[in-house]
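What's in data.txt: compact mmCIF, C-alpha atoms
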# COMPACT_ATOMS: atom_id res chain seq x y z
CA MET A 11 -5.02 -17.29 4.69
CA ASN A 12 -8.45 -15.80 5.27
CA ILE A 13 -7.90 -12.02 5.40
CA HIS A 14 -10.20 -10.06 7.70
CA GLN A 15 -8.67 -6.54 7.82
CA VAL A 16 -5.86 -4.57 6.19
CA CYS A 17 -4.27 -1.43 7.63
CA VAL A 18 -1.74 0.80 5.82
CA SER A 19 0.10 3.36 7.98
CA TYR A 20 2.81 5.77 6.89
CA LEU A 21 5.61 5.91 9.48
CA HIS A 22 7.50 9.16 8.99
CA GLU A 23 10.58 8.11 10.97
CA HIS A 24 11.02 5.02 8.75
CA ASP A 25 9.74 6.72 5.57
CA ARG A 26 7.85 3.51 4.79
CA PHE A 27 4.37 2.06 4.89
CA LEU A 28 3.63 -0.49 7.56
CA VAL A 29 1.02 -2.82 6.08
CA ARG A 30 -0.72 -4.94 8.70
CA ILE A 31 -3.05 -7.79 7.78
CA ASN A 32 -5.41 -9.42 10.29
CA THR A 33 -6.72 -12.87 9.48
CA ARG A 34 -9.93 -14.48 10.66
CA GLY A 35 -7.67 -16.97 12.49
CA GLU A 36 -6.53 -14.06 14.72
CA GLU A 37 -3.07 -13.74 13.21
CA GLU A 38 -1.36 -10.55 12.12
CA ILE A 39 1.10 -10.30 9.23
CA ARG A 40 3.33 -7.20 9.16
CA LEU A 41 4.99 -5.88 6.00
CA TRP A 42 7.21 -2.90 5.15
CA PHE A 43 6.53 -1.23 1.79
CA THR A 44 9.28 1.20 0.74
CA ARG A 45 8.71 4.22 -1.46
CA ARG A 46 10.36 2.58 -4.48
CA LEU A 47 8.32 -0.60 -4.10
CA THR A 48 5.02 1.22 -3.52
CA LEU A 49 5.39 3.62 -6.45
CA GLY A 50 6.29 0.71 -8.75
CA LEU A 51 3.60 -1.65 -7.45
CA LEU A 52 0.62 0.71 -7.24
CA PRO A 53 0.01 1.20 -11.00
CA ILE A 54 0.23 -2.56 -11.55
CA LEU A 55 -2.19 -3.23 -8.66
CA GLU A 56 -4.62 -0.63 -10.03
CA LYS A 57 -4.59 -2.32 -13.43
CA ALA A 58 -5.01 -5.77 -11.87
CA SER A 59 -7.92 -4.49 -9.79
CA SER A 60 -9.67 -3.15 -12.91
CA GLU A 61 -9.09 -6.43 -14.71
CA GLN A 62 -10.48 -8.42 -11.77
CA ILE A 63 -13.64 -6.33 -11.76
CA SER A 64 -14.10 -6.56 -15.54
CA ARG A 65 -13.50 -10.34 -15.44
CA GLN A 66 -16.39 -10.69 -13.00
CA SER A 67 -18.72 -9.33 -15.67
CA SER A 68 -19.91 -11.92 -18.14
CA PRO A 69 -20.24 -10.71 -21.74
CA LEU A 70 -23.77 -10.18 -22.99
CA ASN A 71 -25.05 -12.25 -25.85
CA LEU A 72 -27.51 -10.23 -27.92
CA ALA A 73 -29.49 -13.43 -28.66
CA THR A 74 -30.19 -13.82 -24.93
CA PRO A 75 -33.69 -12.75 -23.85
CA LEU A 76 -33.90 -9.16 -22.67
CA GLU A 77 -34.89 -10.08 -19.12
CA GLU A 78 -31.86 -12.36 -18.75
CA GLN A 79 -29.58 -9.60 -20.13
CA ARG A 80 -30.96 -7.18 -17.55
CA GLN A 81 -30.36 -9.69 -14.74
CA ARG A 82 -26.75 -10.28 -15.88
CA MET A 83 -26.11 -6.55 -16.03
CA LEU A 84 -27.60 -6.12 -12.55
CA ASP A 85 -25.47 -9.00 -11.18
CA SER A 86 -22.39 -7.50 -12.82
CA PHE A 87 -23.14 -4.08 -11.34
CA THR A 88 -23.68 -5.62 -7.89
CA ARG A 89 -20.30 -7.43 -8.01
CA GLU A 90 -18.54 -4.26 -9.18
CA ALA A 91 -20.19 -2.19 -6.44
CA ALA A 92 -19.11 -4.75 -3.83
CA ALA A 93 -15.50 -4.38 -4.99
CA TYR A 94 -15.65 -0.61 -4.49
CA ASN A 95 -17.54 -0.66 -1.17
CA GLY A 96 -14.96 -1.74 1.40
CA ASP A 97 -15.53 -1.18 5.10
CA TYR A 98 -13.28 1.77 6.00
CA GLN A 99 -15.17 2.62 9.23
CA THR A 100 -14.48 -0.40 11.45
CA PRO A 101 -11.32 0.20 13.54
CA TYR A 102 -8.41 -2.11 12.91
CA ARG A 103 -8.09 -4.81 15.59
CA GLU A 104 -4.82 -3.93 17.31
CA GLU A 105 -4.15 -7.05 19.39
CA PRO A 106 -3.32 -10.16 17.37
CA VAL A 107 -3.06 -13.55 19.02
CA GLU A 108 -0.23 -14.79 16.80
CA LEU A 109 2.49 -13.23 14.63
CA PRO A 110 3.40 -16.04 12.18
CA LEU A 111 6.20 -14.02 10.55
CA GLY A 112 7.39 -12.63 13.89
CA ALA A 113 7.22 -9.13 15.36
CA GLU A 114 9.69 -7.70 12.83
CA PRO A 115 7.81 -6.79 9.63
CA LEU A 116 8.79 -8.49 6.38
CA LEU A 117 10.66 -5.91 4.26
CA VAL A 118 9.13 -6.54 0.84
CA THR A 119 11.90 -6.37 -1.77
CA GLU A 120 10.17 -8.29 -4.56
CA VAL A 121 6.56 -8.95 -5.57
CA LYS A 122 5.34 -11.62 -7.98
CA MET A 123 1.77 -11.22 -9.15
CA THR A 124 -0.39 -13.93 -10.75
CA ALA A 125 -3.98 -13.71 -11.96
CA LEU A 126 -5.67 -16.97 -10.97
CA PRO A 127 -8.43 -18.71 -12.98
CA THR A 128 -10.74 -18.22 -9.96
CA GLY A 129 -10.58 -14.44 -10.50
CA GLU A 130 -8.36 -13.91 -7.48
CA LEU A 131 -5.01 -12.17 -7.59
CA GLN A 132 -2.09 -14.02 -5.99
CA LEU A 133 0.74 -11.94 -4.55
CA ASP A 134 4.04 -13.58 -3.62
CA LEU A 135 5.80 -11.09 -1.33
CA LEU A 136 9.50 -11.76 -0.82
CA GLU A 137 12.14 -10.34 1.48
CA LYS A 138 15.58 -11.03 0.02
CA LEU A 139 18.27 -9.72 2.32
CA ALA A 140 21.82 -11.17 2.17
CA ASP A 141 21.46 -14.93 2.60
CA GLU A 142 18.01 -14.87 4.19
CA VAL A 143 14.76 -15.13 2.26
CA ARG A 144 11.33 -14.77 3.85
CA ASN A 145 8.14 -14.93 1.84
CA LEU A 146 4.39 -14.67 2.09
CA GLN A 147 1.69 -15.65 -0.37
CA ILE A 148 -1.64 -13.82 -0.38
CA LYS A 149 -4.74 -14.41 -2.52
CA MET A 150 -7.00 -11.40 -2.97
CA ASP A 151 -10.45 -11.11 -4.47
CA ALA A 152 -11.54 -7.98 -6.34
CA GLN A 153 -12.83 -6.24 -3.21
CA LEU A 154 -9.61 -6.84 -1.27
CA THR A 155 -7.41 -5.75 -4.19
CA HIS A 156 -9.42 -2.56 -4.64
CA GLY A 157 -9.29 -1.93 -0.86
CA LEU A 158 -5.50 -2.29 -0.79
CA VAL A 159 -5.18 0.11 -3.74
CA SER A 160 -7.40 2.64 -1.94
CA LEU A 161 -5.41 2.37 1.30
CA LEU A 162 -2.08 2.78 -0.51
CA ASN A 163 -3.41 5.84 -2.37
CA GLN A 164 -4.56 7.37 0.93
CA GLY A 165 -1.13 6.63 2.39
CA LEU A 166 0.56 8.34 -0.56
CA SER A 167 -1.25 11.58 0.22
CA ASN A 168 -0.06 11.34 3.87
CA SER A 169 3.53 10.55 2.91
CA ASN A 170 4.07 13.41 0.42
CA TRP A 171 6.06 10.96 -1.71
CA LEU A 172 4.62 12.49 -4.86
CA GLU A 173 5.84 15.99 -4.00
CA THR A 174 8.51 17.17 -6.42
CA GLU A 175 10.66 18.79 -3.76
CA ILE A 176 11.20 17.27 -0.34
CA ALA A 177 13.22 19.57 1.91
CA ILE A 178 15.18 18.40 4.93
CA ALA A 179 16.19 21.02 7.48
CA VAL A 180 19.78 20.83 8.69
CA LYS A 181 20.99 23.06 11.49
CA VAL A 182 24.57 24.21 10.92
CA ASN A 183 26.35 25.04 14.16
CA THR A 184 29.12 27.60 13.82
CA PRO A 185 30.91 29.76 16.37
CA LYS A 186 29.12 33.05 17.04
CA SER A 187 32.10 35.26 16.35
CA LEU A 188 34.92 34.46 14.03
CA PRO A 189 37.74 36.91 13.36
CA GLY A 190 37.04 38.93 10.22
CA GLN A 191 33.36 37.90 10.03
CA ASP A 192 30.62 40.50 10.28
CA ALA A 193 27.35 40.04 12.19
CA MET A 194 25.29 39.38 9.03
CA GLU A 195 27.46 36.42 8.01
CA THR A 196 27.14 35.00 11.55
CA LEU A 197 23.32 35.27 11.39
CA GLU A 198 23.29 33.59 7.97
CA ALA A 199 25.36 30.71 9.36
CA ASP A 200 22.80 30.10 12.15
CA LYS A 201 19.86 29.70 9.72
CA PRO A 202 18.74 26.16 8.93
CA ARG A 203 19.98 24.81 5.60
CA TYR A 204 17.70 22.90 3.23
CA LEU A 205 18.75 20.05 1.01
CA ASN A 206 16.55 19.59 -2.03

Take the structure I supplied and represent it as structure tokens, if you would.
Amino acid sequence: MNIHQVCVSYLHEHDRFLVRINTRGEEEIRLWFTRRLTLGLLPILEKASSEQISRQSSPLNLATPLEEQRQRMLDSFTREAAAYNGDYQTPYREEPVELPLGAEPLLVTEVKMTALPTGELQLDLLEKLADEVRNLQIKMDAQLTHGLVSLLNQGLSNSNWLETEIAIAVKVNTPKSLPGQDAMETLEADKPRYLN
């Protein structure tokens, strides 16, 4: 799969991330990332991204001529800069030609991660629900891994998943006048209740 674009959107009504991946073959893959999965996966992805970038750098041999050392350092810096400089300005292409996994996003319940000898990171994304198993395998270079980490971190700030207290307003409907109840108790009953 030749990945062209990745989009991460927080959908409040689902309390999940919808991850959409456009390929150069004009296909779109749709994935659900839950809060539990995202908060567990993100630190591991960040570490893998750092390792990918450091693996791209070849160690310097002090016996190597100074000019060659400078060129290697410059090449290493260029590769690292490329990993950090994703294109976040181009709008995501909204109309895919094909949906190989179907219109219903794959609910990712398990992720297997493998560092490949090529320097790429392979993600096996699995949906294990009852008797059905759907899966997707993605290979990501350092730039794509870093881009996914950045998009997930931006999504975290939109989702408020890292807030310590998440309040949900619940309106309690009670009769306006109950025998033996004063007006203050009736007003208190009409206030929204918050579950923390």

* **Counting all atoms listed in the file, the option among A:Cys17, A:Leu52, A:Glu23, A:Phe43 closest to A:Asn163** =>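 Among A:Cys17, A:Leu52, A:Glu23, A:Phe43, it is A:Leu52 that comes nearest to A:Asn163.
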
* Counting all atoms listed in the file, which of A:Val121, A:Ala113, A:Ile13, A:Leu47 gets nearest to A:Gly157? -> A:Ile13

* To do: Give me, please, the distance in Å between atom CA of A:Leu166 and atom CA of A:Phe27, quoted to one decimal.
  => 9.1 Å

* Tell me, as a VMD selection string, which residues lie within 12 Å of A:Leu146, counting all atoms listed in the file; anything in the same chain fewer than 4 positions away does not count. => chain A and resid 11 31 39 to 41 110 to 111 115 to 122 132 to 138

* To do: Between A:Ile54, A:His14, A:Glu104, A:Ser19, single out the one closest to A:Asn168, counting all atoms listed in the file.
  =>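 Closest candidate: A:Ser19.
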
* Asked: With distances taken over all atoms listed in the file, which of A:Gln15, A:Gln62, A:Thr44, A:Thr33 is nearest to A:Asp151?
  ->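 The shortest atom-to-atom distance to A:Asp151 comes from A:Gln62.
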
* Between A:Ala125, A:Leu131, A:Asp25, A:Val16, which one has atoms that come closest to A:Ile148, using only C-alpha atoms? -> A:Leu131

* What is the atom CA of A:Val29 to atom CA of A:Pro127 distance in Å? ->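 One can read the atom CA of A:Val29 to atom CA of A:Pro127 distance as 26.6 Å.
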
* **Atom-to-atom span, atom CA of A:Trp171 and atom CA of A:His24, Å** =>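 Atom CA of A:Trp171 sits 13.0 Å away from atom CA of A:His24.
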
* Between A:Asn12, A:Thr128, A:Ser167, A:Thr48, which has the minimum distance to A:Glu36 (counting only C-alpha atoms)? ->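 That would be A:Asn12, the residue with the smallest distance to A:Glu36.
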
Place N, CA and C atoms on stretch 130-152 of chain A and deliver the coordinates as a PDB file, keeping the file's coordinate frame.
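The new file rebuild-v7.pdb reads:
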ATOM      1  N   GLU A 130      -9.158 -14.503  -8.544  1.00  0.00           N
ATOM      2  CA  GLU A 130      -8.360 -13.910  -7.480  1.00  0.00           C
ATOM      3  C   GLU A 130      -6.995 -13.487  -8.017  1.00  0.00           C
ATOM      4  N   LEU A 131      -6.349 -12.620  -7.263  1.00  0.00           N
ATOM      5  CA  LEU A 131      -5.010 -12.170  -7.590  1.00  0.00           C
ATOM      6  C   LEU A 131      -4.076 -12.732  -6.517  1.00  0.00           C
ATOM      7  N   GLN A 132      -3.046 -13.451  -6.938  1.00  0.00           N
ATOM      8  CA  GLN A 132      -2.090 -14.020  -5.990  1.00  0.00           C
ATOM      9  C   GLN A 132      -0.844 -13.147  -5.955  1.00  0.00           C
ATOM     10  N   LEU A 133      -0.477 -12.714  -4.752  1.00  0.00           N
ATOM     11  CA  LEU A 133       0.740 -11.940  -4.550  1.00  0.00           C
ATOM     12  C   LEU A 133       1.736 -12.786  -3.775  1.00  0.00           C
ATOM     13  N   ASP A 134       2.926 -12.947  -4.325  1.00  0.00           N
ATOM     14  CA  ASP A 134       4.040 -13.580  -3.620  1.00  0.00           C
ATOM     15  C   ASP A 134       4.958 -12.445  -3.191  1.00  0.00           C
ATOM     16  N   LEU A 135       5.006 -12.189  -1.892  1.00  0.00           N
ATOM     17  CA  LEU A 135       5.800 -11.090  -1.330  1.00  0.00           C
ATOM     18  C   LEU A 135       7.073 -11.685  -0.749  1.00  0.00           C
ATOM     19  N   LEU A 136       8.216 -11.202  -1.229  1.00  0.00           N
ATOM     20  CA  LEU A 136       9.500 -11.760  -0.820  1.00  0.00           C
ATOM     21  C   LEU A 136      10.377 -10.706  -0.159  1.00  0.00           C
ATOM     22  N   GLU A 137      11.111 -11.150   0.853  1.00  0.00           N
ATOM     23  CA  GLU A 137      12.140 -10.340   1.480  1.00  0.00           C
ATOM     24  C   GLU A 137      13.453 -11.054   1.199  1.00  0.00           C
ATOM     25  N   LYS A 138      14.282 -10.457   0.350  1.00  0.00           N
ATOM     26  CA  LYS A 138      15.580 -11.030   0.020  1.00  0.00           C
ATOM     27  C   LYS A 138      16.667 -10.108   0.553  1.00  0.00           C
ATOM     28  N   LEU A 139      17.212 -10.489   1.690  1.00  0.00           N
ATOM     29  CA  LEU A 139      18.270  -9.720   2.320  1.00  0.00           C
ATOM     30  C   LEU A 139      19.446 -10.645   2.599  1.00  0.00           C
ATOM     31  N   ALA A 140      20.595 -10.346   2.018  1.00  0.00           N
ATOM     32  CA  ALA A 140      21.820 -11.170   2.170  1.00  0.00           C
ATOM     33  C   ALA A 140      21.498 -12.627   1.862  1.00  0.00           C
ATOM     34  N   ASP A 141      21.689 -13.505   2.821  1.00  0.00           N
ATOM     35  CA  ASP A 141      21.460 -14.930   2.600  1.00  0.00           C
ATOM     36  C   ASP A 141      20.075 -15.389   3.038  1.00  0.00           C
ATOM     37  N   GLU A 142      19.328 -14.505   3.668  1.00  0.00           N
ATOM     38  CA  GLU A 142      18.010 -14.870   4.190  1.00  0.00           C
ATOM     39  C   GLU A 142      16.909 -14.498   3.205  1.00  0.00           C
ATOM     40  N   VAL A 143      15.942 -15.397   3.079  1.00  0.00           N
ATOM     41  CA  VAL A 143      14.760 -15.130   2.260  1.00  0.00           C
ATOM     42  C   VAL A 143      13.533 -15.480   3.087  1.00  0.00           C
ATOM     43  N   ARG A 144      12.631 -14.503   3.235  1.00  0.00           N
ATOM     44  CA  ARG A 144      11.330 -14.770   3.850  1.00  0.00           C
ATOM     45  C   ARG A 144      10.286 -14.468   2.792  1.00  0.00           C
ATOM     46  N   ASN A 145       9.173 -15.198   2.834  1.00  0.00           N
ATOM     47  CA  ASN A 145       8.140 -14.930   1.840  1.00  0.00           C
ATOM     48  C   ASN A 145       6.753 -15.133   2.420  1.00  0.00           C
ATOM     49  N   LEU A 146       5.796 -14.588   1.713  1.00  0.00           N
ATOM     50  CA  LEU A 146       4.390 -14.670   2.090  1.00  0.00           C
ATOM     51  C   LEU A 146       3.579 -14.719   0.809  1.00  0.00           C
ATOM     52  N   GLN A 147       2.566 -15.567   0.789  1.00  0.00           N
ATOM     53  CA  GLN A 147       1.690 -15.650  -0.370  1.00  0.00           C
ATOM     54  C   GLN A 147       0.277 -15.256   0.060  1.00  0.00           C
ATOM     55  N   ILE A 148      -0.303 -14.322  -0.682  1.00  0.00           N
ATOM     56  CA  ILE A 148      -1.640 -13.820  -0.380  1.00  0.00           C
ATOM     57  C   ILE A 148      -2.506 -13.954  -1.627  1.00  0.00           C
ATOM     58  N   LYS A 149      -3.752 -14.386  -1.433  1.00  0.00           N
ATOM     59  CA  LYS A 149      -4.740 -14.410  -2.520  1.00  0.00           C
ATOM     60  C   LYS A 149      -5.797 -13.363  -2.197  1.00  0.00           C
ATOM     61  N   MET A 150      -6.066 -12.498  -3.193  1.00  0.00           N
ATOM     62  CA  MET A 150      -7.000 -11.400  -2.970  1.00  0.00           C
ATOM     63  C   MET A 150      -8.097 -11.421  -4.012  1.00  0.00           C
ATOM     64  N   ASP A 151      -9.344 -11.255  -3.541  1.00  0.00           N
ATOM     65  CA  ASP A 151     -10.450 -11.110  -4.470  1.00  0.00           C
ATOM     66  C   ASP A 151     -10.502  -9.641  -4.920  1.00  0.00           C
ATOM     67  N   ALA A 152     -11.458  -9.330  -5.779  1.00  0.00           N
ATOM     68  CA  ALA A 152     -11.540  -7.980  -6.340  1.00  0.00           C
ATOM     69  C   ALA A 152     -11.739  -6.920  -5.267  1.00  0.00           C
TER      70      ALA A 152
END
